[in-house]
$ cat target12.cif   # mmCIF, C-alpha atoms
data_structure
loop_
_atom_site.label_atom_id
_atom_site.label_comp_id
_atom_site.auth_asym_id
_atom_site.auth_seq_id
_atom_site.Cartn_x
_atom_site.Cartn_y
_atom_site.Cartn_z
CA MET A 1 -8.33 -22.62 -117.40
CA THR A 2 -4.82 -23.89 -117.90
CA THR A 3 -2.25 -21.21 -118.46
CA PHE A 4 0.60 -21.48 -120.94
CA SER A 5 3.03 -21.61 -118.02
CA GLN A 6 1.20 -24.61 -116.46
CA ARG A 7 1.11 -26.46 -119.81
CA PHE A 8 4.81 -25.85 -120.30
CA THR A 9 5.60 -27.09 -116.79
CA ARG A 10 3.60 -30.30 -117.31
CA ARG A 11 5.33 -30.97 -120.62
CA ALA A 12 8.72 -30.37 -119.06
CA LEU A 13 7.91 -32.72 -116.19
CA ALA A 14 6.69 -35.40 -118.62
CA ALA A 15 9.85 -35.03 -120.68
CA CYS A 16 11.96 -35.37 -117.54
CA ALA A 17 10.06 -38.49 -116.53
CA VAL A 18 10.68 -40.06 -119.95
CA ALA A 19 14.35 -39.13 -119.76
CA LEU A 20 14.68 -40.53 -116.25
CA GLY A 21 12.93 -43.73 -117.29
CA ALA A 22 15.28 -44.14 -120.25
CA ALA A 23 18.28 -43.47 -118.03
CA SER A 24 16.99 -46.02 -115.53
CA LEU A 25 16.58 -48.65 -118.25
CA PHE A 26 20.01 -47.81 -119.63
CA GLY A 27 21.48 -48.14 -116.14
CA ALA A 28 19.87 -51.56 -115.67
CA ALA A 29 21.23 -52.71 -119.02
CA GLN A 30 24.65 -51.41 -118.09
CA ALA A 31 24.52 -53.14 -114.71
CA GLN A 32 24.21 -56.60 -116.28
CA THR A 33 27.46 -57.91 -117.70
CA LYS A 34 27.37 -60.69 -120.29
CA LEU A 35 30.28 -63.15 -120.12
CA LYS A 36 31.52 -65.97 -122.35
CA TRP A 37 32.73 -69.27 -120.83
CA ALA A 38 34.37 -71.64 -123.35
CA HIS A 39 35.53 -75.28 -123.34
CA VAL A 40 36.04 -78.17 -125.78
CA TYR A 41 33.90 -80.85 -124.10
CA GLU A 42 30.56 -82.34 -125.06
CA THR A 43 27.27 -81.14 -123.55
CA SER A 44 26.76 -84.64 -122.13
CA GLU A 45 29.87 -84.38 -119.94
CA PRO A 46 30.08 -83.17 -116.31
CA PHE A 47 32.54 -80.46 -117.38
CA HIS A 48 29.76 -78.76 -119.33
CA LYS A 49 26.97 -79.50 -116.86
CA TYR A 50 28.81 -77.91 -113.95
CA SER A 51 30.08 -74.98 -116.02
CA VAL A 52 26.42 -74.18 -116.76
CA TRP A 53 25.59 -74.72 -113.07
CA ALA A 54 28.39 -72.34 -112.07
CA GLY A 55 27.15 -69.68 -114.49
CA GLU A 56 23.64 -69.87 -113.08
CA GLU A 57 24.93 -69.86 -109.51
CA ILE A 58 27.11 -66.80 -110.11
CA LYS A 59 24.13 -65.00 -111.64
CA LYS A 60 22.03 -65.88 -108.59
CA ARG A 61 24.67 -64.89 -106.04
CA THR A 62 25.38 -61.57 -107.78
CA ASN A 63 21.66 -60.70 -108.05
CA GLY A 64 21.67 -61.03 -111.82
CA LYS A 65 24.67 -58.78 -112.43
CA TYR A 66 26.59 -61.42 -114.43
CA GLU A 67 24.96 -63.37 -117.25
CA ILE A 68 27.28 -66.23 -118.27
CA THR A 69 26.81 -68.18 -121.51
CA VAL A 70 28.75 -71.44 -121.79
CA PHE A 71 30.08 -72.40 -125.24
CA PRO A 72 30.85 -76.15 -125.36
CA ALA A 73 32.46 -78.56 -127.85
CA SER A 74 35.05 -76.19 -129.39
CA THR A 75 32.34 -73.78 -130.64
CA LEU A 76 34.64 -70.84 -129.83
CA GLY A 77 37.76 -72.61 -131.07
CA LYS A 78 40.24 -75.33 -130.22
CA GLU A 79 41.82 -75.44 -126.79
CA ALA A 80 44.82 -73.37 -127.85
CA ASP A 81 42.42 -70.79 -129.34
CA ILE A 82 40.31 -70.34 -126.23
CA ASN A 83 43.43 -69.96 -124.07
CA GLN A 84 44.61 -67.23 -126.41
CA GLY A 85 41.11 -65.78 -126.26
CA LEU A 86 41.63 -64.89 -122.59
CA THR A 87 44.29 -62.41 -123.68
CA LEU A 88 42.53 -61.27 -126.85
CA GLY A 89 39.28 -60.61 -124.98
CA THR A 90 37.18 -63.02 -127.06
CA VAL A 91 36.39 -65.16 -123.98
CA ASP A 92 36.12 -64.33 -120.29
CA ILE A 93 36.37 -67.76 -118.65
CA VAL A 94 37.77 -71.08 -119.90
CA LEU A 95 37.90 -74.63 -118.69
CA THR A 96 41.25 -75.93 -119.93
CA GLY A 97 43.95 -78.49 -119.33
CA ALA A 98 46.92 -77.33 -117.27
CA SER A 99 48.94 -78.56 -120.24
CA PHE A 100 47.56 -75.74 -122.39
CA ALA A 101 47.75 -73.12 -119.63
CA GLY A 102 51.31 -74.39 -119.10
CA ARG A 103 52.31 -73.13 -122.54
CA SER A 104 52.41 -69.70 -120.89
CA TYR A 105 54.07 -70.93 -117.69
CA THR A 106 55.86 -74.27 -118.09
CA PRO A 107 56.19 -75.26 -114.39
CA LEU A 108 52.38 -75.48 -114.17
CA SER A 109 52.45 -78.54 -116.46
CA ILE A 110 54.42 -80.62 -113.94
CA SER A 111 51.13 -82.36 -113.07
CA TYR A 112 51.27 -84.03 -116.52
CA PHE A 113 54.57 -85.78 -115.91
CA PRO A 114 53.77 -89.51 -116.21
CA PHE A 115 52.84 -91.33 -113.00
CA ILE A 116 53.36 -88.27 -110.75
CA PHE A 117 49.98 -88.96 -109.09
CA ARG A 118 49.09 -92.24 -107.42
CA ASP A 119 45.35 -91.82 -108.03
CA ALA A 120 42.46 -89.34 -108.10
CA GLU A 121 42.55 -88.66 -104.36
CA HIS A 122 46.25 -87.77 -104.56
CA GLN A 123 45.44 -85.21 -107.25
CA LEU A 124 42.50 -83.77 -105.30
CA LYS A 125 44.88 -83.22 -102.35
CA TYR A 126 47.33 -81.55 -104.74
CA ALA A 127 44.54 -79.13 -105.77
CA LYS A 128 44.46 -77.85 -102.16
CA SER A 129 48.22 -77.94 -101.60
CA ASP A 130 50.72 -75.11 -101.22
CA VAL A 131 52.68 -76.33 -104.24
CA PHE A 132 49.61 -75.99 -106.49
CA LYS A 133 48.81 -72.55 -105.06
CA GLU A 134 52.39 -71.45 -105.79
CA LEU A 135 52.30 -72.82 -109.35
CA ALA A 136 48.92 -71.17 -109.99
CA LYS A 137 50.29 -67.85 -108.72
CA GLY A 138 53.25 -68.21 -111.07
CA TYR A 139 50.81 -68.60 -113.97
CA ASP A 140 48.71 -65.66 -112.75
CA ASP A 141 51.77 -63.42 -112.46
CA LYS A 142 53.05 -64.42 -115.91
CA THR A 143 49.77 -64.08 -117.82
CA GLY A 144 47.63 -61.67 -115.83
CA ASN A 145 44.82 -64.24 -115.88
CA HIS A 146 43.58 -65.95 -112.71
CA ILE A 147 43.19 -69.67 -111.94
CA THR A 148 40.18 -70.18 -109.66
CA ALA A 149 39.88 -73.98 -109.45
CA LEU A 150 41.27 -77.38 -110.46
CA SER A 151 38.90 -80.19 -111.52
CA TYR A 152 39.71 -83.88 -111.69
CA TYR A 153 39.52 -84.90 -115.36
CA GLY A 154 40.35 -88.59 -115.07
CA ALA A 155 43.17 -91.11 -115.42
CA ARG A 156 44.34 -91.28 -119.03
CA HIS A 157 44.46 -94.70 -120.70
CA VAL A 158 45.64 -95.84 -124.12
CA THR A 159 43.13 -97.06 -126.69
CA SER A 160 44.37 -98.73 -129.87
CA SER A 161 43.19 -100.40 -133.07
CA ALA A 162 42.38 -104.11 -133.13
CA ALA A 163 45.73 -104.95 -134.71
CA LYS A 164 47.82 -103.12 -132.10
CA PRO A 165 46.92 -104.05 -128.51
CA VAL A 166 49.09 -102.48 -125.80
CA SER A 167 49.75 -104.75 -122.83
CA LYS A 168 53.41 -104.01 -122.02
CA PRO A 169 55.77 -101.02 -122.49
CA GLU A 170 57.41 -102.60 -125.54
CA ASP A 171 54.06 -102.54 -127.38
CA MET A 172 54.25 -98.74 -127.49
CA LYS A 173 57.35 -98.77 -129.71
CA GLY A 174 56.51 -97.34 -133.15
CA LEU A 175 52.82 -96.89 -132.24
CA LYS A 176 51.36 -93.84 -133.98
CA ILE A 177 49.41 -92.28 -131.12
CA ARG A 178 47.38 -89.08 -131.07
CA VAL A 179 48.16 -86.73 -128.19
CA PRO A 180 46.74 -83.25 -127.47
CA ASP A 181 48.61 -80.42 -129.15
CA ALA A 182 50.55 -79.42 -126.03
CA PRO A 183 54.13 -80.36 -125.06
CA ALA A 184 53.16 -81.79 -121.67
CA TYR A 185 51.64 -84.89 -123.28
CA LEU A 186 54.79 -85.94 -125.12
CA ALA A 187 56.85 -87.40 -122.25
CA PHE A 188 54.93 -90.68 -121.95
CA PRO A 189 54.80 -91.76 -125.62
CA ARG A 190 58.28 -90.55 -126.50
CA ALA A 191 59.88 -92.26 -123.50
CA LEU A 192 58.43 -95.54 -124.77
CA GLY A 193 59.39 -95.04 -128.42
CA ALA A 194 55.90 -94.24 -129.74
CA ASN A 195 55.27 -91.80 -132.58
CA ALA A 196 53.34 -88.99 -130.88
CA THR A 197 51.04 -87.11 -133.27
CA PRO A 198 49.30 -83.94 -132.01
CA ILE A 199 45.71 -83.65 -133.31
CA ALA A 200 42.99 -81.23 -132.13
CA PHE A 201 40.38 -82.81 -129.87
CA ALA A 202 37.46 -82.20 -132.24
CA GLU A 203 39.28 -84.12 -135.02
CA VAL A 204 40.32 -87.25 -133.10
CA TYR A 205 37.35 -89.53 -133.89
CA LEU A 206 37.83 -89.08 -137.63
CA ALA A 207 41.60 -89.59 -137.35
CA LEU A 208 41.01 -92.91 -135.55
CA GLN A 209 38.29 -93.96 -137.97
CA ASN A 210 40.51 -93.23 -140.98
CA ASN A 211 43.55 -94.91 -139.39
CA THR A 212 45.49 -91.66 -139.57
CA VAL A 213 46.77 -92.80 -136.16
CA ASP A 214 46.76 -96.23 -134.46
CA ALA A 215 45.90 -95.05 -130.97
CA GLN A 216 44.94 -92.22 -128.63
CA GLU A 217 44.87 -91.70 -124.86
CA ASN A 218 42.13 -90.25 -122.67
CA PRO A 219 40.16 -91.00 -119.49
CA LEU A 220 37.36 -93.57 -119.68
CA PRO A 221 34.51 -90.99 -119.43
CA THR A 222 36.01 -89.10 -122.38
CA ILE A 223 36.42 -92.32 -124.37
CA GLU A 224 32.69 -92.86 -123.77
CA ALA A 225 31.56 -89.27 -124.44
CA LYS A 226 33.58 -88.94 -127.65
CA LYS A 227 32.65 -92.51 -128.71
CA PHE A 228 36.29 -93.47 -129.30
CA TYR A 229 35.37 -97.00 -128.23
CA GLU A 230 33.48 -97.34 -131.52
CA VAL A 231 36.68 -97.01 -133.57
CA GLN A 232 39.22 -98.49 -131.11
CA LYS A 233 38.95 -102.14 -130.10
CA ASN A 234 41.53 -102.13 -127.29
CA ILE A 235 41.47 -100.13 -124.07
CA SER A 236 44.70 -100.50 -122.04
CA LEU A 237 44.40 -99.29 -118.43
CA THR A 238 47.78 -97.55 -118.27
CA GLY A 239 46.62 -94.62 -116.09
CA HIS A 240 49.84 -92.87 -117.11
CA ILE A 241 48.55 -89.33 -116.45
CA VAL A 242 45.99 -88.38 -113.82
CA ASP A 243 44.61 -85.41 -115.69
CA SER A 244 43.02 -82.19 -114.52
CA LEU A 245 41.27 -79.12 -115.84
CA LEU A 246 41.71 -75.56 -114.66
CA THR A 247 39.02 -72.90 -114.49
CA VAL A 248 40.69 -69.68 -115.60
CA VAL A 249 39.24 -66.15 -115.53
CA SER A 250 40.69 -63.53 -117.86
CA GLY A 251 42.73 -60.82 -116.18
CA SER A 252 40.55 -58.10 -117.67
CA LEU A 253 37.46 -59.58 -116.01
CA TRP A 254 39.11 -60.55 -112.72
CA ASN A 255 40.56 -57.09 -112.21
CA LYS A 256 37.11 -55.50 -112.63
CA LEU A 257 35.49 -57.67 -109.94
CA SER A 258 35.02 -56.34 -106.44
CA ALA A 259 36.50 -58.30 -103.53
CA GLU A 260 33.03 -59.71 -102.79
CA GLU A 261 32.53 -60.74 -106.43
CA LYS A 262 35.96 -62.39 -106.56
CA LYS A 263 34.96 -64.49 -103.56
CA ILE A 264 31.68 -65.48 -105.23
CA PHE A 265 33.38 -66.45 -108.50
CA GLY A 266 36.11 -68.38 -106.67
CA ASP A 267 33.75 -70.20 -104.30
CA VAL A 268 31.31 -71.20 -107.05
CA MET A 269 34.05 -72.38 -109.42
CA MET A 270 35.65 -74.50 -106.68
CA GLU A 271 32.24 -76.02 -105.87
CA ALA A 272 31.73 -76.81 -109.57
CA ALA A 273 35.19 -78.41 -109.74
CA GLU A 274 34.43 -80.61 -106.72
CA LYS A 275 31.08 -81.72 -108.17
CA THR A 276 32.70 -82.47 -111.55
CA GLY A 277 35.50 -84.53 -110.02
CA ARG A 278 33.19 -86.68 -107.92
CA GLU A 279 31.01 -87.44 -110.93
CA ILE A 280 34.02 -88.39 -113.07
CA ILE A 281 35.36 -90.71 -110.35
CA ALA A 282 31.97 -92.45 -110.19
CA SER A 283 31.93 -92.81 -114.00
CA GLU A 284 35.39 -94.37 -114.05
CA ALA A 285 34.29 -96.97 -111.53
CA ARG A 286 31.47 -98.28 -113.75
CA LEU A 287 32.91 -97.88 -117.25
CA VAL A 288 35.37 -100.79 -117.31
CA GLU A 289 32.51 -103.29 -117.20
CA GLU A 290 30.42 -101.26 -119.62
CA PHE A 291 33.19 -101.25 -122.22
CA LYS A 292 33.57 -105.01 -121.83
CA LYS A 293 29.84 -105.39 -122.49
CA LYS A 294 30.21 -103.29 -125.64
CA GLY A 295 32.78 -105.81 -126.89
CA ASN A 296 35.95 -103.85 -126.24
CA ASN A 297 39.11 -105.64 -125.18
CA VAL A 298 39.94 -104.06 -121.80
CA ILE A 299 43.56 -104.81 -120.91
CA THR A 300 44.85 -104.58 -117.33
CA VAL A 301 48.55 -103.70 -117.54
CA ASP A 302 51.43 -103.74 -115.05
CA LYS A 303 51.55 -100.00 -114.30
CA ASP A 304 54.81 -100.34 -112.37
CA ALA A 305 56.47 -101.76 -115.49
CA PHE A 306 55.25 -98.78 -117.55
CA ARG A 307 56.37 -96.33 -114.86
CA ALA A 308 59.84 -97.88 -114.65
CA ALA A 309 60.22 -97.83 -118.43
CA VAL A 310 59.24 -94.16 -118.62
CA LEU A 311 61.47 -93.03 -115.74
CA LYS A 312 64.40 -94.91 -117.27
CA ASN A 313 64.21 -92.66 -120.35
CA THR A 314 63.07 -89.27 -119.09
CA LYS A 315 62.92 -87.06 -116.00
CA PRO A 316 60.95 -83.93 -115.07
CA THR A 317 63.81 -81.50 -115.71
CA ASP A 318 64.04 -82.73 -119.34
CA HIS A 319 60.71 -80.97 -119.93
CA GLY A 320 61.38 -77.67 -118.19
CA TYR A 321 59.81 -78.72 -114.89
CA ARG A 322 61.39 -78.11 -111.49
CA GLN A 323 62.62 -81.12 -109.56
CA GLN A 324 61.54 -79.59 -106.24
CA ASP A 325 57.92 -79.29 -107.46
CA TYR A 326 57.99 -82.94 -108.59
CA ASP A 327 59.37 -84.08 -105.22
CA ARG A 328 56.84 -82.03 -103.25
CA ILE A 329 53.92 -83.45 -105.24
CA LEU A 330 55.15 -87.02 -104.79
CA ALA A 331 55.37 -86.38 -101.03
CA ILE A 332 51.69 -85.30 -100.68
CA LYS A 333 49.92 -87.89 -98.49
#

$ encode --input "target12.cif" --output "structure tokens"
Amino acid sequence: MTTFSQRFTRRALAACAVALGAASLFGAAQAQTKLKWAHVYETSEPFHKYSVWAGEEIKKRTNGKYEITVFPASTLGKEADINQGLTLGTVDIVLTGASFAGRSYTPLSISYFPFIFRDAEHQLKYAKSDVFKELAKGYDDKTGNHITALSYYGARHVTSSAAKPVSKPEDMKGLKIRVPDAPAYLAFPRALGANATPIAFAEVYLALQNNTVDAQENPLPTIEAKKFYEVQKNISLTGHIVDSLLTVVSGSLWNKLSAEEKKIFGDVMMEAAEKTGREIIASEARLVEEFKKKGNNVITVDKDAFRAAVLKNTKPTDHGYRQQDYDRILAIK
């Protein structure tokens, strides 16, 4: 016969078990942190592919603690919006141009000064240099956010409408050219007398199609991914900016990570940047011929002539950059 006392004890133990189970489940839910990673690029591009890879790798290396969802193609806003989102807390990680990050810390945008880099390899060496580390720290100190990696984005070239081919610096005069909505992109067109028109990335195709602007400038893989070649007959290989993207973690997230987690995030994001850059370099090598096959007019220009024309009309200090940073980057071998 079961006494009242025994029945009460069993019920109490059962209730405790339920409570412990609920607490355990609550603890597991609390242990997993969901993060948002935002960028403005297409899902077909390496920038997205390796952001997703990095998210999965971080989840694996932290034993499932961090669940990262990547939001591509401006789904969480334009580039300026997602940069602001780091401070507002609407995003945790962004892939963004140094030009946009440089709005918060101008010296960081020195890498966008025309013809500062010889080629992709020069920029990849810059990514590991002391000058880049110092500039990144300046940004970190100013914003509270943390730069973990630099990815090669590609050499930027001018595309233009059929009626306005660009083969020499003088052809830029009066050209209405779309540039990203960040000051760092203005030096090249303005130095050559072009009419620079900032337009958000997601709106560029329509602006070209409607002849709102005559031209735009982007790396070859971006010209392919965004299908700008469909609405721009000419592709001029100016290579005026060797562009890069930064992986930036919000300060609120970075400061919560343990030392071990910071190492995991940093290592994975640098691996993703390296993989991205190598894939972009390979794409650039094949795309010139592919664009010719599509019927585009690919124009090989005298880059030295463009460089001389730009440097005649502007210098790094005109844009708030430091001459010593410029000189140190040029000296990287």

$ closest_atom_pairs --input "target12.cif" --of "segment 81-133 of chain A" --to "segment 305-319 of chain A" --cutoff "10 Å" --atoms "only C-alpha atoms" --output "JSON lines"
{"residue": "A:Thr106", "atom": "CA", "partner": "A:His319", "partner_atom": "CA", "distance": 8.5}
{"residue": "A:Pro107", "atom": "CA", "partner": "A:His319", "partner_atom": "CA", "distance": 9.2}
{"residue": "A:Ser109", "atom": "CA", "partner": "A:His319", "partner_atom": "CA", "distance": 9.3}
{"residue": "A:Ile110", "atom": "CA", "partner": "A:Pro316", "partner_atom": "CA", "distance": 7.4}
{"residue": "A:Tyr112", "atom": "CA", "partner": "A:Pro316", "partner_atom": "CA", "distance": 9.8}
{"residue": "A:Phe113", "atom": "CA", "partner": "A:Pro316", "partner_atom": "CA", "distance": 6.7}
{"residue": "A:Pro114", "atom": "CA", "partner": "A:Arg307", "partner_atom": "CA", "distance": 7.4}
{"residue": "A:Phe115", "atom": "CA", "partner": "A:Arg307", "partner_atom": "CA", "distance": 6.4}
{"residue": "A:Ile116", "atom": "CA", "partner": "A:Arg307", "partner_atom": "CA", "distance": 9.5}

$ resolve_selection --input "target12.cif" --expression "the PyMOL selection byres ((chain A and resi 329) around 12)" --output "MDAnalysis selection string"
chainID A and resid 110:113 115:118 122:132 135 322:328 330:333

$ resolve_selection --input "target12.cif" --expression "the PyMOL selection byres ((chain A and resi 194) around 6)" --output "PyMOL selection string"
chain A and resi 172-175+189-190+192-193+195-196

$ closest_residue --input "target12.cif" --among "A:Thr75, A:Gly85, A:Gly64, A:His146" --to "Asn255 of chain A" --atoms "all atoms listed in the file"
A:His146

$ closest_residue --input "target12.cif" --among "A:Ile241, A:Ile68, A:Glu170, A:Ala101" --to "Ala187 of chain A" --atoms "only C-alpha atoms"
A:Ile241

$ atom_distance --input "target12.cif" --atom1 "atom CA of Tyr153 of chain A" --atom2 "atom CA of Ala259 of chain A"
29.3 Å

$ residues_around --input "target12.cif" --residues "Glu203 of chain A" --least-positions-apart "5" --cutoff "12 Å" --atoms "all atoms listed in the file" --output "list of chain:residue names"
A:Val40, A:Ala73, A:Ser74, A:Lys78, A:Arg178, A:Val179, A:Pro180, A:Asp181, A:Pro198, A:Leu208, A:Gln209, A:Asn210, A:Thr212, A:Val213, A:Gln216, A:Lys226, A:Phe228

$ atom_distance --input "target12.cif" --atom1 "atom CA of Val91 of chain A" --atom2 "atom CA of Gly77 of chain A"
10.4 Å

$ residues_near_point --input "target12.cif" --point "(40.6, -58.4, -122.2)" --cutoff "7 Å" --atoms "all atoms listed in the file" --output "mmCIF file with C-alpha atoms, keeping the file's coordinate frame"
data_model
loop_
_atom_site.group_PDB
_atom_site.id
_atom_site.type_symbol
_atom_site.label_atom_id
_atom_site.label_comp_id
_atom_site.auth_asym_id
_atom_site.auth_seq_id
_atom_site.Cartn_x
_atom_site.Cartn_y
_atom_site.Cartn_z
ATOM 1 C CA LEU A 86 41.630 -64.890 -122.590
ATOM 2 C CA THR A 87 44.290 -62.410 -123.680
ATOM 3 C CA LEU A 88 42.530 -61.270 -126.850
ATOM 4 C CA GLY A 89 39.280 -60.610 -124.980
ATOM 5 C CA SER A 250 40.690 -63.530 -117.860
ATOM 6 C CA GLY A 251 42.730 -60.820 -116.180
ATOM 7 C CA SER A 252 40.550 -58.100 -117.670
#

$ atom_distance --input "target12.cif" --atom1 "atom CA of Thr247 of chain A" --atom2 "atom CA of Ile93 of chain A"
7.1 Å

$ closest_residue --input "target12.cif" --among "A:Glu134, A:Asp267, A:Asp243, A:Asp141" --to "Ala184 of chain A" --atoms "all atoms listed in the file"
A:Asp243

$ residues_around --input "target12.cif" --residues "Gly266 of chain A" --least-positions-apart "4" --cutoff "8 Å" --atoms "only C-alpha atoms" --output "list in words"
Thr148, Ala149, Lys262 and Met270 of chain A

$ closest_residue --input "target12.cif" --among "A:Ala136, A:Leu150, A:Ala282, A:Leu237" --to "Val166 of chain A" --atoms "only C-alpha atoms"
A:Leu237

$ closest_residue --input "target12.cif" --among "A:Ile299, A:Leu206, A:Val158, A:Val268" --to "Phe188 of chain A" --atoms "all atoms listed in the file"
A:Val158
